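J.: Provided herewith: entry17.cif, mmCIF, C-alpha atoms.
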data_structure
#
loop_
_atom_site.label_atom_id
_atom_site.label_comp_id
_atom_site.auth_asym_id
_atom_site.auth_seq_id
_atom_site.Cartn_x
_atom_site.Cartn_y
_atom_site.Cartn_z
CA MET A 1 0.00 0.00 0.00
CA GLU A 2 1.28 3.44 -0.92
CA GLN A 3 1.78 6.05 1.76
CA LYS A 4 -1.13 8.50 1.90
CA SER A 5 -0.43 12.20 1.64
CA ILE A 6 -2.01 15.53 2.53
CA PHE A 7 -1.11 19.05 1.36
CA ILE A 8 -2.10 21.72 3.92
CA THR A 9 -2.05 25.49 3.42
CA GLY A 10 -2.05 27.60 6.55
CA ALA A 11 -0.28 24.77 8.37
CA ALA A 12 1.83 26.84 10.77
CA GLY A 13 -0.86 27.26 13.41
CA GLY A 14 -4.39 26.60 14.56
CA ILE A 15 -6.50 24.19 12.54
CA GLY A 16 -3.76 23.66 9.96
CA ARG A 17 -1.16 22.71 12.53
CA ALA A 18 -3.55 20.42 14.40
CA THR A 19 -4.42 18.74 11.09
CA ALA A 20 -0.73 18.26 10.27
CA GLU A 21 -0.08 16.71 13.68
CA LEU A 22 -3.07 14.37 13.39
CA PHE A 23 -2.30 13.07 9.91
CA HIS A 24 1.40 12.72 10.70
CA LYS A 25 0.49 10.66 13.77
CA LYS A 26 -1.55 8.40 11.46
CA GLY A 27 1.55 7.78 9.29
CA TRP A 28 0.77 10.08 6.38
CA LEU A 29 3.21 12.22 4.40
CA VAL A 30 2.29 15.76 5.41
CA GLY A 31 2.96 18.81 3.26
CA CYS A 32 2.91 21.93 5.43
CA TYR A 33 2.75 25.35 3.75
CA ASP A 34 2.37 28.82 5.20
CA VAL A 35 3.83 32.33 5.16
CA ASP A 36 4.96 31.90 8.78
CA LEU A 37 8.28 30.24 8.05
CA GLU A 38 9.51 30.21 11.66
CA SER A 39 6.43 28.32 12.90
CA LEU A 40 6.68 25.94 9.94
CA GLN A 41 10.28 25.13 10.83
CA GLN A 42 9.24 24.46 14.44
CA LEU A 43 6.48 22.15 13.20
CA GLU A 44 8.88 20.30 10.91
CA ARG A 45 11.33 19.79 13.79
CA GLN A 46 8.47 18.57 15.99
CA LEU A 47 7.16 16.08 13.43
CA GLY A 48 10.51 14.84 12.15
CA ASP A 49 10.13 12.43 9.25
CA ARG A 50 7.33 12.26 6.63
CA VAL A 51 6.97 16.03 6.49
CA LEU A 52 7.69 18.54 3.76
CA SER A 53 7.34 22.19 4.68
CA SER A 54 7.86 25.36 2.74
CA TYR A 55 6.95 29.01 2.61
CA LEU A 56 3.88 29.49 0.42
CA ASP A 57 1.86 32.62 -0.21
CA VAL A 58 -1.36 31.22 -1.71
CA ARG A 59 -1.81 34.44 -3.70
CA ASP A 60 1.14 33.42 -5.89
CA LYS A 61 0.02 30.85 -8.49
CA VAL A 62 3.54 30.16 -9.75
CA ALA A 63 4.79 29.53 -6.21
CA PHE A 64 1.75 27.30 -5.61
CA GLU A 65 2.57 25.28 -8.73
CA GLN A 66 6.20 24.93 -7.63
CA ALA A 67 5.18 23.81 -4.13
CA MET A 68 2.77 21.25 -5.58
CA ALA A 69 5.43 19.96 -7.99
CA ALA A 70 7.93 19.49 -5.13
CA PHE A 71 5.23 17.76 -3.08
CA SER A 72 4.37 15.49 -6.02
CA GLU A 73 8.00 14.42 -6.32
CA ARG A 74 8.08 13.50 -2.64
CA SER A 75 4.66 11.75 -2.71
CA ASN A 76 5.29 9.87 -5.97
CA GLY A 77 2.50 11.80 -7.66
CA ARG A 78 -0.05 11.01 -4.97
CA LEU A 79 -2.36 13.50 -3.26
CA ASP A 80 -5.03 11.96 -1.05
CA ILE A 81 -6.20 15.20 0.53
CA MET A 82 -5.84 18.81 -0.54
CA PHE A 83 -6.67 20.97 2.48
CA ASN A 84 -7.09 24.67 1.65
CA ASN A 85 -6.86 26.12 5.12
CA ALA A 86 -4.92 29.38 4.71
CA GLY A 87 -6.98 32.44 5.56
CA MET A 88 -6.97 35.83 7.20
CA ALA A 89 -9.48 38.14 8.84
CA VAL A 90 -9.33 41.88 9.37
CA GLY A 91 -12.22 43.41 11.24
CA GLY A 92 -13.64 46.89 11.30
CA SER A 93 -16.10 49.07 9.44
CA PHE A 94 -15.71 48.48 5.72
CA ASP A 95 -14.59 52.05 5.08
CA ALA A 96 -12.08 51.87 7.95
CA VAL A 97 -10.27 48.77 6.69
CA PRO A 98 -7.45 49.68 4.28
CA PHE A 99 -8.23 48.60 0.73
CA ASP A 100 -5.06 46.50 0.51
CA LYS A 101 -6.24 44.47 3.53
CA ILE A 102 -9.64 43.95 1.91
CA MET A 103 -7.93 42.67 -1.24
CA ASP A 104 -5.63 40.45 0.85
CA MET A 105 -8.70 38.78 2.37
CA VAL A 106 -10.27 38.26 -1.06
CA ASN A 107 -7.02 36.99 -2.58
CA ILE A 108 -6.09 34.67 0.29
CA ASN A 109 -9.51 33.44 1.44
CA LEU A 110 -11.11 33.01 -1.98
CA VAL A 111 -8.65 33.28 -4.87
CA GLY A 112 -6.01 31.31 -2.93
CA VAL A 113 -8.53 28.51 -2.41
CA MET A 114 -9.45 28.46 -6.10
CA THR A 115 -5.77 28.42 -7.02
CA GLY A 116 -5.10 25.56 -4.61
CA ILE A 117 -7.91 23.49 -6.06
CA TYR A 118 -6.85 24.23 -9.62
CA VAL A 119 -3.20 23.36 -8.98
CA ALA A 120 -4.13 20.17 -7.08
CA ILE A 121 -6.59 18.77 -9.64
CA PRO A 122 -4.05 16.73 -11.67
CA LEU A 123 -2.75 14.92 -8.57
CA LEU A 124 -6.22 14.49 -7.10
CA LYS A 125 -7.47 12.94 -10.35
CA GLN A 126 -4.69 10.38 -10.40
CA THR A 127 -5.15 9.41 -6.72
CA GLU A 128 -8.03 7.04 -6.09
CA ASN A 129 -10.56 8.24 -3.50
CA SER A 130 -8.86 11.64 -3.15
CA LEU A 131 -10.54 14.55 -1.43
CA CYS A 132 -10.30 18.32 -1.59
CA PHE A 133 -11.72 20.42 1.20
CA THR A 134 -11.52 23.99 2.41
CA THR A 135 -11.89 25.73 5.74
CA SER A 136 -14.85 28.08 5.76
CA SER A 137 -16.34 29.80 8.81
CA SER A 138 -19.59 30.22 10.66
CA SER A 139 -19.22 33.85 9.54
CA ALA A 140 -20.27 32.58 6.13
CA THR A 141 -23.82 32.08 7.38
CA PHE A 142 -23.97 34.23 10.52
CA GLY A 143 -22.55 37.64 9.68
CA SER A 144 -20.79 39.66 12.34
CA PRO A 145 -20.53 43.44 12.55
CA GLY A 146 -17.28 44.66 11.05
CA MET A 147 -16.58 41.42 9.18
CA ALA A 148 -18.27 42.02 5.80
CA THR A 149 -15.34 41.10 3.55
CA TYR A 150 -14.29 38.12 5.63
CA ALA A 151 -17.87 36.80 5.71
CA ALA A 152 -18.22 37.33 1.96
CA THR A 153 -15.05 35.37 1.19
CA LYS A 154 -16.00 32.52 3.50
CA HIS A 155 -19.52 32.41 2.07
CA ALA A 156 -18.03 32.22 -1.42
CA VAL A 157 -15.96 29.23 -0.33
#
Have the structure of the file written as structure tokens, please.
T.:
Amino acid sequence: MEQKSIFITGAAGGIGRATAELFHKKGWLVGCYDVDLESLQQLERQLGDRVLSSYLDVRDKVAFEQAMAAFSERSNGRLDIMFNNAGMAVGGSFDAVPFDKIMDMVNINLVGVMTGIYVAIPLLKQTENSLCFTTSSSSATFGSPGMATYAATKHAV
């Protein structure tokens, strides 16, 4: 039986880190990607073997393709789970949030997810019973004051 593998964005902390720890414990090859390189390195040291970690800004399609190619080499072309977990939230009145932060939320929370799915499709198609899933938020259905853009991106997911 081939070793199962998971590719996780936003793996340096929170849900992504807990997911990496869980799947590693189950014997999977775990690809950990995030912009927080220091936390990724700590995670890689903690997990030891069967882990591949690298800096990845999900807004960068070329970097995403390169990360997926490196992962594919390590996993022998196998991708059992693509986990789009990277995300960010900036709260405040819409007109008080700087436009670049609004665009960061759209580009990370929505476009980054679409990019991840698109880049992962070839490996997912060639891996029997593969799965792609994405972290959303209860904010997608229950809006909160000051979280319009975040809620919109998570609803779109």
J.: Using the chain letters and residue numbers of this document, give as a PDB file with C-alpha atoms, in the frame of the given file the residues selected by the PyMOL selection byres ((chain A and resi 9-23) around 7).
T.:
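Wrote it out as expr-v4.pdb, contents follow:
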ATOM      1  CA  PHE A   7      -1.110  19.050   1.360  1.00  0.00           C
ATOM      2  CA  ILE A   8      -2.100  21.720   3.920  1.00  0.00           C
ATOM      3  CA  HIS A  24       1.400  12.720  10.700  1.00  0.00           C
ATOM      4  CA  LYS A  25       0.490  10.660  13.770  1.00  0.00           C
ATOM      5  CA  LYS A  26      -1.550   8.400  11.460  1.00  0.00           C
ATOM      6  CA  GLY A  27       1.550   7.780   9.290  1.00  0.00           C
ATOM      7  CA  TRP A  28       0.770  10.080   6.380  1.00  0.00           C
ATOM      8  CA  VAL A  30       2.290  15.760   5.410  1.00  0.00           C
ATOM      9  CA  CYS A  32       2.910  21.930   5.430  1.00  0.00           C
ATOM     10  CA  TYR A  33       2.750  25.350   3.750  1.00  0.00           C
ATOM     11  CA  ASP A  34       2.370  28.820   5.200  1.00  0.00           C
ATOM     12  CA  ASP A  36       4.960  31.900   8.780  1.00  0.00           C
ATOM     13  CA  SER A  39       6.430  28.320  12.900  1.00  0.00           C
ATOM     14  CA  LEU A  40       6.680  25.940   9.940  1.00  0.00           C
ATOM     15  CA  PHE A  83      -6.670  20.970   2.480  1.00  0.00           C
ATOM     16  CA  ASN A  84      -7.090  24.670   1.650  1.00  0.00           C
ATOM     17  CA  ASN A  85      -6.860  26.120   5.120  1.00  0.00           C
ATOM     18  CA  ALA A  86      -4.920  29.380   4.710  1.00  0.00           C
ATOM     19  CA  GLY A  87      -6.980  32.440   5.560  1.00  0.00           C
TER      20      GLY A  87
END
J.: Expressed in Å to a single decimal, how great is the separation between CA of Ser54 (chain A) and CA of Phe71 (chain A)?
T.: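 Taking CA of Ser54 (chain A) as the start and CA of Phe71 (chain A) as the end point, the length is 9.9 Å.
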J.: Quick one, how far is CA of Thr127 (chain A) from CA of Ala70 (chain A)?
T.: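 Pair CA of Thr127 (chain A) / CA of Ala70 (chain A) returns 16.6 Å.
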J.: Measuring atom to atom with all atoms listed in the file, identify which of A:Leu56, A:Ala156, A:Val111, A:Ile102 is nearest to Ser136 (chain A).
T.: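 Smallest separation from Ser136 (chain A) among the options: A:Ala156.
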J.: For the provided coordinates, the residues matched by the PyMOL selection byres ((chain A and resi 94) around 10) should be stated as a list of chain:residue names.
T.: A:Val90, A:Gly91, A:Gly92, A:Ser93, A:Asp95, A:Ala96, A:Val97, A:Pro98, A:Phe99, A:Ile102, A:Pro145, A:Gly146, A:Met147, A:Ala148, A:Thr149
J.: Residues of region 129-155 of chain A that approach region 112-123 of chain A to 12 Å or less, counting all atoms listed in the file: could you list each one with the shortest pair of atoms and its distance in Å to one decimal, rows by chain and increasing residue number, as CSV?
T.:
residue,atom,partner,partner_atom,distance
A:Asn129,CA,A:Leu123,CA,11.5
A:Ser130,CA,A:Leu123,CA,8.8
A:Leu131,CA,A:Ile121,CA,10.0
A:Cys132,CA,A:Ile117,CA,7.2
A:Phe133,CA,A:Ile117,CA,8.8
A:Thr134,CA,A:Val113,CA,7.3
A:Thr135,CA,A:Val113,CA,9.2
A:Ser136,CA,A:Val113,CA,10.3
A:Thr153,CA,A:Val113,CA,10.1
A:Lys154,CA,A:Val113,CA,10.3
J.: How many Å lie between CA of Glu128 (chain A) and CA of Asp80 (chain A), rounded to one decimal?
T.: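 If I compute the distance from CA of Glu128 (chain A) to CA of Asp80 (chain A), I get 7.7 Å.
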J.: Counting all atoms listed in the file, what is within 12 Å of Asn76 (chain A), bar same-chain residues fewer than 2 positions away, as a VMD selection string?
T.: chain A and resid 2 to 5 29 68 to 74 78 to 80 123 126 to 127
J.: Quick one: of A:Leu124, A:Leu37, A:Ile6, A:Ala152, who's nearest to Ala89 (chain A), counting all atoms listed in the file?
T.: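 Smallest separation from Ala89 (chain A) among the options: A:Ala152.
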J.: Check the smallest atom-to-atom distance from each of A:Arg45, A:Arg59, A:Arg50, A:Lys125 to Met103 (chain A) using only C-alpha atoms, then report the winner.
T.: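 Closest residue, counting only C-alpha atoms: A:Arg59.
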J.: Counting all atoms listed in the file, which residue out of A:Gln46, A:Val51, A:Phe64, A:Tyr150 sits closest to Lys101 (chain A)?
T.: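 Distance minimum relative to Lys101 (chain A) lands on A:Tyr150.
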